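Structure file final.csv (CSV, C-alpha atoms) follows.
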```csv
chain,number,residue,atom,x,y,z
A,1435,MET,CA,0.0,0.0,0.0
A,1436,ALA,CA,1.5,3.3,-1.1
A,1437,THR,CA,1.5,6.4,0.9
A,1438,PHE,CA,1.6,9.9,-0.6
A,1439,LYS,CA,3.5,12.9,0.7
A,1440,LEU,CA,4.8,16.3,-0.2
A,1441,HIS,CA,6.8,16.2,-3.6
A,1442,ASP,CA,5.3,12.9,-4.8
A,1443,ASN,CA,4.2,13.1,-8.4
A,1444,ASN,CA,2.3,10.3,-10.0
A,1445,PRO,CA,-1.2,9.4,-11.3
A,1446,ASP,CA,-2.3,8.0,-7.9
A,1447,VAL,CA,-1.7,11.5,-6.4
A,1448,LYS,CA,-4.2,12.8,-9.0
A,1449,ARG,CA,-6.8,10.3,-7.7
A,1450,LEU,CA,-6.0,11.6,-4.1
A,1451,GLN,CA,-6.4,15.2,-5.3
A,1452,THR,CA,-9.8,14.4,-6.9
A,1453,ALA,CA,-11.0,12.6,-3.8
A,1454,LEU,CA,-10.0,15.6,-1.6
A,1455,LEU,CA,-11.8,18.0,-3.9
A,1456,ASP,CA,-14.9,15.8,-3.9
A,1457,ALA,CA,-14.7,15.8,-0.1
A,1458,GLY,CA,-14.7,19.6,-0.1
A,1459,PHE,CA,-10.9,20.2,0.4
A,1460,ASN,CA,-9.3,22.1,-2.4
A,1461,PRO,CA,-5.9,20.6,-3.3
A,1462,GLY,CA,-5.2,23.2,-6.0
A,1463,ASP,CA,-4.6,21.9,-9.5
A,1464,ILE,CA,-5.5,18.3,-10.1
A,1465,ASP,CA,-2.2,17.5,-11.7
A,1466,GLY,CA,-0.7,14.5,-9.9
A,1467,ASP,CA,1.8,16.7,-8.1
A,1468,PHE,CA,1.6,16.6,-4.3
A,1469,GLY,CA,2.5,20.2,-3.6
A,1470,PRO,CA,1.8,22.7,-0.9
A,1471,ALA,CA,-1.9,23.1,-1.7
A,1472,THR,CA,-2.4,19.3,-1.6
A,1473,LEU,CA,-0.5,19.2,1.7
A,1474,VAL,CA,-2.9,21.7,3.2
A,1475,ALA,CA,-5.9,19.9,1.9
A,1476,VAL,CA,-4.7,16.6,3.3
A,1477,ILE,CA,-4.0,18.1,6.7
A,1478,SER,CA,-7.4,19.8,6.8
A,1479,PHE,CA,-9.1,16.6,5.8
A,1480,GLN,CA,-7.2,14.6,8.4
A,1481,LYS,CA,-8.2,17.1,11.1
A,1482,SER,CA,-11.8,17.0,10.0
A,1483,LYS,CA,-11.9,13.2,10.4
A,1484,GLY,CA,-10.0,13.0,13.7
A,1485,LEU,CA,-6.9,11.5,12.0
A,1486,VAL,CA,-3.3,12.4,12.8
A,1487,PRO,CA,-2.8,15.6,10.8
A,1488,ASP,CA,0.7,14.7,9.5
A,1489,GLY,CA,0.0,15.6,5.9
A,1490,VAL,CA,0.8,12.1,4.7
A,1491,ALA,CA,-1.9,10.2,2.9
A,1492,GLY,CA,-1.4,6.8,4.3
A,1493,VAL,CA,-3.8,3.9,4.9
A,1494,ARG,CA,-6.2,5.7,7.3
A,1495,THR,CA,-6.4,8.8,5.2
A,1496,GLN,CA,-7.0,7.0,2.0
A,1497,ALA,CA,-9.6,4.8,3.6
A,1498,ALA,CA,-11.4,7.8,5.0
A,1499,LEU,CA,-11.4,9.3,1.5
A,1500,GLY,CA,-12.8,6.1,0.0
A,1501,LEU,CA,-9.8,5.4,-2.1
A,1502,ILE,CA,-9.2,2.0,-0.6
A,1503,ALA,CA,-11.3,-0.5,1.3
A,1504,ILE,CA,-9.7,-2.1,4.3
A,1505,ALA,CA,-11.3,-4.6,6.7
A,1506,ASN,CA,-8.7,-4.1,9.4
A,1507,LEU,CA,-6.0,-1.6,9.8
A,1508,PRO,CA,-2.5,-3.0,10.2
A,1509,ASP,CA,-1.3,-3.8,13.7
A,1510,ILE,CA,1.4,-1.2,14.6
A,1511,THR,CA,2.5,-2.6,17.9
A,1512,ALA,CA,5.6,-4.1,16.4
A,1513,ASP,CA,6.7,-0.7,15.3
A,1514,VAL,CA,6.5,0.8,18.8
A,1515,THR,CA,10.0,0.7,20.3
A,1516,VAL,CA,11.5,1.8,23.5
A,1517,SER,CA,13.3,4.7,21.7
A,1518,LYS,CA,10.1,6.0,20.1
A,1519,VAL,CA,8.3,5.9,23.5
A,1520,ALA,CA,11.2,7.7,25.1
A,1521,LEU,CA,10.8,10.5,22.6
A,1522,MET,CA,7.1,10.7,23.4
A,1523,PHE,CA,7.7,10.8,27.2
A,1524,PRO,CA,11.1,12.5,27.6
A,1525,GLY,CA,10.8,12.7,31.4
A,1526,THR,CA,10.3,9.0,31.9
A,1527,PHE,CA,13.2,6.8,33.1
A,1528,MET,CA,14.3,4.6,30.3
A,1529,GLY,CA,14.4,1.6,32.6
A,1530,ASN,CA,10.7,2.0,33.3
A,1531,ILE,CA,9.9,2.1,29.6
A,1532,LYS,CA,12.0,-1.0,29.0
A,1533,THR,CA,10.2,-2.8,31.9
A,1534,HIS,CA,6.6,-1.9,31.1
A,1535,LEU,CA,6.4,-1.4,27.3
A,1536,PRO,CA,6.2,-5.1,26.5
A,1537,ASN,CA,3.3,-5.5,28.9
A,1538,VAL,CA,1.5,-2.5,27.5
A,1539,LEU,CA,1.9,-3.7,23.9
A,1540,ALA,CA,0.7,-7.2,24.8
A,1541,ALA,CA,-2.4,-5.7,26.5
A,1542,LEU,CA,-3.1,-3.6,23.5
A,1543,THR,CA,-2.8,-6.6,21.2
A,1544,ALA,CA,-4.9,-8.8,23.5
A,1545,ALA,CA,-7.7,-6.2,23.5
A,1546,GLY,CA,-7.6,-5.9,19.8
A,1547,LEU,CA,-6.2,-2.3,19.9
A,1548,GLY,CA,-3.1,-2.9,17.8
A,1549,ASP,CA,-4.4,-0.4,15.2
A,1550,PRO,CA,-5.4,2.6,17.3
A,1551,SER,CA,-6.2,5.9,15.6
A,1552,TRP,CA,-3.6,7.7,17.8
A,1553,CYS,CA,-0.7,6.0,16.1
```
Output the file's structure as structure tokens, nothing else.
Amino acid sequence: MATFKLHDNNPDVKRLQTALLDAGFNPGDIDGDFGPATLVAVISFQKSKGLVPDGVAGVRTQAALGLIAIANLPDITADVTVSKVALMFPGTFMGNIKTHLPNVLAALTAAGLGDPSWC
């Protein structure tokens, strides 16, 4: 599954731009060039849908635009590392993160929350 971001240029970006325009978010010229206007449109769309407004049209954004159909979003718990969590919580002792992160990730997976919208 491809993601689309600033400076990408291909026919699939044109489909993204058309979907954004149809959803009421003006991406500028429908030309297949993911430029600044498309970036603003993606971020605005993401904010309107409660998605992470990162300006990247990934799986969640494309699904919300109706460009792809997905039954389940990918489980992201394998991508959550001690170093990433340490960046999110800079005041937390690294030893505590190392000790508790595996249990938190296991609990998320057991509860079926491996694809949370906050990731």
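Interatomic distance, CA of Leu1440 (chain A) to CA of Ile1510 (chain A): 23.2 Å.
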May I ask which of the residues A:Asn1443, A:Thr1511, A:Gln1480, A:Gln1451 is the closest one to Leu1547 (chain A), counting only C-alpha atoms? A:Thr1511
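Near Ser1482 (chain A), within 12 Å and counting all atoms listed in the file, sit Leu1454, Ala1457, Gly1458, Phe1459, Ala1475, Val1476, Ile1477, Ser1478, Val1486, Pro1487, Thr1495, Ala1498 and Leu1499 of chain A; same-chain residues fewer than 4 positions away were not included.
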Would you mind listing what lies within 12 Å of Leu1539 (chain A) as an MDAnalysis selection string, with only C-alpha atoms counted and same-chain residues fewer than 2 positions away left out? chainID A and resid 1509:1516 1519 1531:1537 1541:1550
Let me make sure I understand: among A:Gly1466, A:Gly1484, A:Ile1502, A:Arg1494, which one has the smallest atom-to-atom distance to Arg1449 (chain A) if we use all atoms listed in the file? A:Gly1466
note - CA of Leu1473 (chain A) and CA of Asn1460 (chain A) are separated by 10.1 Å
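The gap separating CA of Phe1468 (chain A) from CA of Leu1521 (chain A) is 29.1 Å, in Å to one decimal.
Using only C-alpha atoms for every distance, the candidate list A:Gly1492, A:Lys1448, A:Lys1483, A:Asp1442 yields A:Lys1448 as the residue closest to Pro1461 (chain A).
Considering the residues A:Ala1503, A:Ala1540, A:Val1474, A:Met1522 and counting all atoms listed in the file, Val1490 (chain A) has its shortest atom-to-atom contact with A:Val1474.
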